[in-house]
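> One structure follows; several queries about it will come next.
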Amino acid sequence: MKLSENKATLSFANGKQPIELPVYEGAIGPDVIDIRKLYGQTGMFTYDPGFLSTASCQSTITYIDGDKGELLYRGHPIEQLAEQCDYLDTCYLLLKGELPNASQRDEFHQLVLKHTMVHEQMHFFMRGFRRDAHPMAVLTGLVGAMSAFYHENTDIHNAEHRDRAAIQLIAKMPTLVAMAYKYGKGEPYMYPKNHLSYAGNFLNMMFATPCEDYQVNPVIERAMDRIFILHADHEQNASTSTVRLCGSSGTNPFAAIAAGVACLWGPAHGGANEACLHMLEDIQKNGGLAKVGEFMEKVKDKNSGVRLMGFGHRVYKNYDPRAKLMQQTCNEVLTELGLEKDPLFALAKKVEQIALEDDYFVQRKLYPNVDFYSGIVQRAIGIPVKLFTGIFALARTVGWIAQLNEMIGDPEYKIGRPRQLYVGAPRRDVKL
């Protein structure tokens, strides 16, 4: 961290002695005020529900400028990565800090694709779940169970263990997600084929059966790969912070990633695209295109309780850069599959049109976000809505690992211990 020449001064209205606080400069983005010694100097904590104004760490991985609508992975704009690289290139970048050269690329791709199979006992482990279990419930259990099947790589403070665990998690997550899907359908699992690409292999495990081969469509393959890239990391969001907090205790990498999967399951986080599709389906049931305008008017009415899902973002106050890329991919997929006139997709286009033209939404910067388009693309491909968050977890795994590794390597890292403002009963004696 670079110490700024500027300092912050905290003064008190009660005449208490002011204190000076150091300020550190980021490479880009806001500076931060160092409050680590605040309690020792004043006996007070800061109060910041949701940590909206608190930097919990220093990081070199991902940077978001919400006002500009900019997302960088290790300094590279997401637009360039999505256009010029594939997902495993992006994984290498997030893990290593630089994009691979030709030989590094070949070696890394081969390394990941050679570890796509899971331990055969995991097939039997799956039988403990109900067939109608939510895929995220299954994934939370499977990822946590990896520490039992690959227990030789569970020392989070051992760099070699973390590297091996990283490859195993990245390689096996598509297999686990596909297994969760097949198990719910009652279909046999499809083993990975290492001659296929990362995205192509996932599609094959999802949609092939022992009695019929699946031909990977290059347009669908590229769309799937782009979904993975766009969801690979997103700075210190809820699930990433969960992984860091969980890992700060020294627990094994598989357990820390399982915690991230569990956090991602929430509808306010990874379940947002699932919620978006449910919204569109509800509009369709209640009149479809003819009722879109009526629905959007209800959204404007704060007393109606109707929410517009898939629009706006906690961080972005401009157009989500991932949404622009996903919109392009969405159009490519719908054209390839001949679904431009599908009623639900036509409905989505109408909702998008109104939101982009109506002053109410424009003034509030409620632009379509990545969840709006990715849900449409996945539905077109044939992925069930319940599996959307599982695919998000698959893609985000590399970001979680990169963030976990960075935290462990940070000399200032400590076990997480947030503070609180206690407002309960004061000390009182028990009287029976």
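Residues are named by chain letter and number: chains run A, B, ... in the order of the structure tokens, numbers start at 1 in each chain, and ligands are numbered from 1 in the order shown.
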Neighbours of range 104-116 of chain A within 8 Å (only C-alpha atoms; same-chain residues fewer than 4 positions away dropped), as a list in words?

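The contact residues come out as Leu88, Asp89, Tyr92, Pro100, Ile167, Gln168, Ile170, Ala171, Lys172, Pro174, Thr175, Pro192, Asn194 and Tyr198 of chain A.
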
> Set the distance at 10 Å and use only C-alpha atoms: which residues neighbour Pro135 in chain A once local chain neighbours fewer than 4 positions away are removed? I'd like the list as a list in words.

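So the residues in contact are Arg131, Leu139, Thr140, Gly141, Leu176, Val177, Ala178, Met179, Ala180, Tyr181, Tyr183, Gly184, Trp265, Lys386, Leu387, Phe388, Thr389, Gly390 and Ile391 of chain A.
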
> Select, from A:Met1, A:Ile227, A:Leu337, A:Leu94, the residue with the minimum atom-to-atom distance to Ile61 in chain A, counting only C-alpha atoms.

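Using only C-alpha atoms, Ile61 in chain A sits closest to A:Leu94.
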
> Write down as number ranges by chain the residues of range 179-344 of chain A whose backbone DSSP state falls under alpha helix (DSSP H).

A: 179-185, 198-207, 218-230, 238-247, 253-264, 272-285, 292-300, 321-337, 343-344

> How many Å lie between CA of Gln327 in chain A and CA of Gly75 in chain A, rounded to one decimal?

23.2 Å

> Which residue is closest to Cys211 in chain A? Choose from A:Ala380, A:Ser197, A:Asn331, A:Glu187 and count only C-alpha atoms.

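Closest to Cys211 in chain A, using only C-alpha atoms: A:Glu187.
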
> Got a sec: who's within 10 Å of range 148-159 of chain A, counting only C-alpha atoms, leaving out chain neighbours fewer than 5 positions off, as an NGL selection string?

:A and (118-122 or 142-143 or 164-166 or 168 or 247-256 or 404-405 or 408-409)

> Have a look at A:Glu297, A:Ala402, A:Ala199, A:Gln328 and name the one nearest to Arg162 in chain A; count only C-alpha atoms.

A:Ala402

> Name the closest residue to Lys96 in chain A among the candidates A:Glu332, A:Asp301, A:Asp163, A:Glu221; distances are taken between atoms, counting only C-alpha atoms.

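Distance minimum relative to Lys96 in chain A lands on A:Asp163.
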
> Find, counting only C-alpha atoms, the residue in A:Val370, A:Leu277, A:Met126, A:Met326 that gets nearest to Phe345 in chain A.

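Once distances to Phe345 in chain A are computed over only C-alpha atoms, the minimum belongs to A:Leu277.
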
> From the list A:Leu339, A:Cys91, A:Ala348, A:Ile78, which residue is nearest Leu289 in chain A when using only C-alpha atoms?

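Smallest separation from Leu289 in chain A among the options: A:Ala348.
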
> List as a count of residues only the protein and nucleic acid residues near Val219 in chain A, meaning an atom at most 10 Å away when only C-alpha atoms are counted, but skip any in the same chain fewer than 3 places from it.

11

> Using Å and a single decimal, report how far CA of Phe228 in chain A sits from CA of Tyr87 in chain A.

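Atom-to-atom, CA of Tyr87 in chain A to CA of Phe228 in chain A, that is 6.2 Å.
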